[in-house]
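Single-structure report; data block below.
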Amino acid sequence: MEFSFEMPIAAFTFLFVGILLAVPAVALVATRGPAYGHTRAHAYSVRARLPFGSELTAGKVASRLRTQMRANMWALLGVMAVTGLLLLNPGVVASPQVIWVVTVTMLMCALSATAVVVNVRGQLFEVAPAAPRVAHVRDLTIRDYLQPWRRLPAPLLLVAAAGSVVLFGAGEAGGLWRAPSMAAVLIYSSMALALVVAVGTRVIEARVLAQPRRAHDELELAWNDIFRADTLGALRMSTAVTAWLPLGLSASFLIFQAVSATEPTVVTFLQQFPWWGVCVLQALLPLGQGTMPAALYPPPLRSNVPPYPIAMGGPA
């Protein structure tokens, strides 16, 4: 006797969103106690190749990581709550592609926002006004904090998205094809969103780079730098993911037009969207979290890199 089970797409969407909604709720309960951050801080120290130097520094790092984790979970909880409201629309429930476009975009923007708020709102270390401190002798740029493979995907994808959307618009204006109205709305609106996110993140990057970082010694300065690098990396990832949306939407339409003799519907159009690109970006770009270029490490922790100038002295 053959047995088969098929779950309606609407029921599957509700179930999956419910599971994702439970994840941050459980995480927020699990991270209530201050002890949570210490284990994660030691793992982060190993990954970053940065020793704590003191129990005070270990406690500061653990507190920052715990705060960042809880902020991320609150952001995820908020995004999934909004997604749950979208499920009240029957048309959205029947089209899970729309759900994931909206959810992924909101999630990347929300996680970047929490990273900025946590890392800009307060200082990792406090230095008394009359105490000496260390600082870099020049203002650092994003090139100093992010390796090229973390820094360049966002602008490259944005340029590719703009070119693909312009090509789509030119073909539509020239009468080469007639796209479904919903497809055109998704392509143009996602491109507008990508541009807004790109401009917004550049403004926020400048704010993050301008934020003073107080430190007693080179090791504390390096801990400040690695958290700043993580924040800048999160901003670039949000730009890359949002740029992938118009690039994938417009490119999938153009490819469909080139290989198919039929006019695409909204369903077939969305089915062609390369969702794997979002997964690849989310898998690869976070690999740089907890790392930074070797020149930002204190001299004893570097290997075969020219010394990075650091100034000492002066009030905090």
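Residues are named by chain letter and number: chains run A, B, ... in the order of the structure tokens, numbers start at 1 in each chain, and ligands are numbered from 1 in the order shown.
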Cut-off 8 Å: closest segment 148-180 of chain A/segment 230-236 of chain A atom pairs per residue, using only C-alpha atoms, as JSON lines:
```
{"residue": "A:Arg150", "atom": "CA", "partner": "A:Gly233", "partner_atom": "CA", "distance": 6.7}
{"residue": "A:Arg151", "atom": "CA", "partner": "A:Arg236", "partner_atom": "CA", "distance": 6.6}
{"residue": "A:Ala154", "atom": "CA", "partner": "A:Arg236", "partner_atom": "CA", "distance": 5.9}
```
**Prompt:** Contacts of segment 64-73 of chain A at 8 Å or less, counting only C-alpha atoms, minus same-chain residues fewer than 2 places along, as a ChimeraX atom specification?
**Reply:** /A:24-25,27-28,31,34,36-37,40-41,60-62,75-77,110-111,114-115,118,124
Print the selection's residues with all heavy atoms to a file, as a short mmCIF file (atom, residue, chain, number, x, y, z; two decimals), in the first residue's frame.
```cif
data_model
loop_
_atom_site.label_atom_id
_atom_site.label_comp_id
_atom_site.auth_asym_id
_atom_site.auth_seq_id
_atom_site.Cartn_x
_atom_site.Cartn_y
_atom_site.Cartn_z
N PRO A 24 13.97 32.87 18.19
CA PRO A 24 14.41 33.99 19.02
C PRO A 24 13.78 34.01 20.40
O PRO A 24 14.41 34.44 21.37
CB PRO A 24 13.99 35.22 18.20
CG PRO A 24 12.90 34.74 17.31
CD PRO A 24 13.25 33.32 17.00
N ALA A 25 12.55 33.52 20.50
CA ALA A 25 11.90 33.47 21.81
C ALA A 25 12.68 32.57 22.77
O ALA A 25 12.94 32.93 23.93
CB ALA A 25 10.46 33.00 21.67
N ALA A 27 15.86 31.69 22.43
CA ALA A 27 17.20 32.27 22.62
C ALA A 27 17.19 33.39 23.64
O ALA A 27 18.12 33.53 24.44
CB ALA A 27 17.73 32.77 21.28
N LEU A 28 16.15 34.20 23.64
CA LEU A 28 16.07 35.30 24.61
C LEU A 28 15.94 34.77 26.03
O LEU A 28 16.49 35.36 26.97
CB LEU A 28 14.88 36.20 24.27
CG LEU A 28 15.07 37.11 23.05
CD1 LEU A 28 13.76 37.78 22.66
CD2 LEU A 28 16.14 38.16 23.33
N THR A 31 19.49 33.32 27.11
CA THR A 31 20.58 34.29 27.29
C THR A 31 20.26 35.34 28.36
O THR A 31 20.90 36.38 28.40
CB THR A 31 20.88 35.00 25.96
OG1 THR A 31 19.68 35.66 25.48
CG2 THR A 31 21.35 34.01 24.91
N PRO A 34 23.83 36.58 32.87
CA PRO A 34 25.11 37.12 32.38
C PRO A 34 26.16 36.05 32.12
O PRO A 34 27.16 36.30 31.44
CB PRO A 34 25.55 38.05 33.53
CG PRO A 34 24.83 37.54 34.73
CD PRO A 34 23.53 37.01 34.24
N TYR A 36 25.96 33.57 30.23
CA TYR A 36 25.93 33.07 28.86
C TYR A 36 27.11 33.57 28.04
O TYR A 36 27.71 32.83 27.29
CB TYR A 36 24.62 33.50 28.17
CG TYR A 36 24.68 33.37 26.67
CD1 TYR A 36 24.51 32.14 26.05
CD2 TYR A 36 24.95 34.47 25.86
CE1 TYR A 36 24.59 32.01 24.68
CE2 TYR A 36 25.03 34.36 24.49
CZ TYR A 36 24.85 33.13 23.90
OH TYR A 36 24.95 33.01 22.55
N GLY A 37 27.44 34.84 28.16
CA GLY A 37 28.43 35.43 27.26
C GLY A 37 29.84 34.94 27.45
O GLY A 37 30.66 35.08 26.55
N ARG A 40 30.94 32.05 25.08
CA ARG A 40 31.01 32.58 23.71
C ARG A 40 32.19 33.54 23.56
O ARG A 40 32.83 33.59 22.51
CB ARG A 40 29.70 33.30 23.39
CG ARG A 40 29.56 33.67 21.94
CD ARG A 40 28.11 33.93 21.58
NE ARG A 40 28.00 34.28 20.18
CZ ARG A 40 27.65 35.49 19.74
NH1 ARG A 40 27.34 36.43 20.59
NH2 ARG A 40 27.56 35.74 18.45
N ALA A 41 32.50 34.29 24.62
CA ALA A 41 33.62 35.23 24.55
C ALA A 41 34.94 34.50 24.37
O ALA A 41 35.81 34.93 23.60
CB ALA A 41 33.65 36.09 25.80
N LYS A 60 34.11 42.44 29.79
CA LYS A 60 33.60 43.45 28.86
C LYS A 60 33.22 42.81 27.52
O LYS A 60 32.16 43.11 26.94
CB LYS A 60 34.65 44.53 28.62
CG LYS A 60 34.98 45.39 29.83
CD LYS A 60 33.92 46.44 30.06
CE LYS A 60 34.34 47.43 31.13
NZ LYS A 60 33.33 48.48 31.37
N VAL A 61 34.09 41.93 27.03
CA VAL A 61 33.82 41.26 25.76
C VAL A 61 32.60 40.35 25.88
O VAL A 61 31.73 40.32 24.99
CB VAL A 61 35.05 40.45 25.30
CG1 VAL A 61 34.72 39.60 24.07
CG2 VAL A 61 36.21 41.39 24.99
N ALA A 62 32.51 39.61 26.98
CA ALA A 62 31.36 38.72 27.18
C ALA A 62 30.07 39.52 27.24
O ALA A 62 29.05 39.14 26.64
CB ALA A 62 31.54 37.92 28.47
N ALA A 75 15.58 41.61 17.15
CA ALA A 75 15.36 42.01 15.76
C ALA A 75 14.70 40.89 14.97
O ALA A 75 13.75 41.12 14.20
CB ALA A 75 16.69 42.41 15.11
N LEU A 76 15.20 39.65 15.16
CA LEU A 76 14.60 38.51 14.46
C LEU A 76 13.15 38.30 14.89
O LEU A 76 12.28 38.01 14.06
CB LEU A 76 15.42 37.25 14.74
CG LEU A 76 14.91 35.93 14.12
CD1 LEU A 76 14.77 36.05 12.62
CD2 LEU A 76 15.84 34.78 14.49
N LEU A 77 12.89 38.48 16.18
CA LEU A 77 11.53 38.32 16.68
C LEU A 77 10.61 39.36 16.04
O LEU A 77 9.48 39.05 15.64
CB LEU A 77 11.51 38.47 18.20
CG LEU A 77 10.23 38.07 18.93
CD1 LEU A 77 9.94 36.60 18.76
CD2 LEU A 77 10.33 38.43 20.41
N ALA A 110 17.57 44.74 9.66
CA ALA A 110 17.39 44.77 11.11
C ALA A 110 18.66 44.34 11.84
O ALA A 110 19.06 44.96 12.83
CB ALA A 110 16.22 43.87 11.51
N LEU A 111 19.33 43.29 11.36
CA LEU A 111 20.55 42.83 12.01
C LEU A 111 21.66 43.86 11.90
O LEU A 111 22.45 44.07 12.83
CB LEU A 111 20.99 41.50 11.42
CG LEU A 111 20.07 40.30 11.70
CD1 LEU A 111 20.65 39.04 11.06
CD2 LEU A 111 19.87 40.10 13.19
N THR A 114 20.90 46.61 14.46
CA THR A 114 21.23 46.26 15.84
C THR A 114 22.73 46.28 16.08
O THR A 114 23.19 46.71 17.14
CB THR A 114 20.68 44.87 16.19
OG1 THR A 114 21.24 43.88 15.30
CG2 THR A 114 19.17 44.83 16.11
N ALA A 115 23.51 45.84 15.10
CA ALA A 115 24.97 45.87 15.24
C ALA A 115 25.46 47.30 15.41
O ALA A 115 26.34 47.58 16.24
CB ALA A 115 25.63 45.22 14.03
N VAL A 118 24.28 48.72 18.98
CA VAL A 118 25.03 48.15 20.10
C VAL A 118 26.46 48.68 20.14
O VAL A 118 26.98 49.00 21.21
CB VAL A 118 25.03 46.61 20.01
CG1 VAL A 118 26.02 46.01 21.01
CG2 VAL A 118 23.64 46.07 20.27
N LEU A 124 33.23 50.20 24.68
CA LEU A 124 33.61 48.89 25.20
C LEU A 124 34.43 49.04 26.47
O LEU A 124 34.26 48.31 27.44
CB LEU A 124 34.40 48.11 24.14
CG LEU A 124 34.81 46.69 24.48
CD1 LEU A 124 33.58 45.82 24.75
CD2 LEU A 124 35.65 46.08 23.35
#
```
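If you measure from each of A:Ala179, A:Val196, A:Ile204, A:Val116 to Thr268 of chain A using only C-alpha atoms, the closest one turns out to be A:Ala179.
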Hey, what's within 7 Å of segment 155-171 of chain A if we count only C-alpha atoms and toss same-chain stuff fewer than 3 positions away? As a ChimeraX atom specification, please? /A:152,174-177,240,243-244,246-247,250-251,254
Save out the residues we just selected, C-alpha atoms, as a JSON list (two decimals), in the first residue's frame.
```
[["chain", "number", "residue", "atom", "x", "y", "z"],
["A", 152, "LEU", "CA", 33.82, 44.51, -2.48],
["A", 174, "GLY", "CA", 11.54, 49.73, -26.46],
["A", 175, "GLY", "CA", 8.73, 47.17, -26.75],
["A", 176, "LEU", "CA", 11.03, 44.14, -26.83],
["A", 177, "TRP", "CA", 8.95, 42.51, -24.09],
["A", 240, "ALA", "CA", 25.02, 42.90, -0.73],
["A", 243, "ALA", "CA", 21.45, 44.35, -4.10],
["A", 244, "TRP", "CA", 21.01, 40.66, -4.95],
["A", 246, "PRO", "CA", 16.94, 43.40, -8.03],
["A", 247, "LEU", "CA", 19.88, 41.67, -9.71],
["A", 250, "SER", "CA", 15.81, 41.36, -13.40],
["A", 251, "ALA", "CA", 18.39, 38.79, -14.51],
["A", 254, "LEU", "CA", 15.97, 38.52, -18.95]]
```
- Query: If you count only C-alpha atoms, which residues fall within 12 Å of segment 134-142 of chain A, apart from same-chain ones fewer than 6 positions away, as a ChimeraX atom specification?
  - Reply: /A:127,148,150-152,202,204-222,224-225,228-233,235-236,292-293,295-298,307-316
To test your reading of the structure, identify every residue in segment 175-266 of chain A that backbone DSSP assigns to helix (DSSP H, G or I), and report it as an NGL selection string. :A and (181-210 or 218-259 or 266)
Which residues are close to Val17 of chain A, i.e. within 8 Å by only C-alpha atoms, leaving aside same-chain residues fewer than 6 positions away? Reply as an NGL selection string. :A and (80 or 83-84)
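Pairwise distance (atom CA of Thr201 of chain A, atom CA of Ser238 of chain A) equals 8.4 Å.
Each of A:Ser112, A:Leu146, A:Val203, A:Trp74 was compared to Val26 of chain A using only C-alpha atoms, and A:Trp74 turns out to be the nearest.
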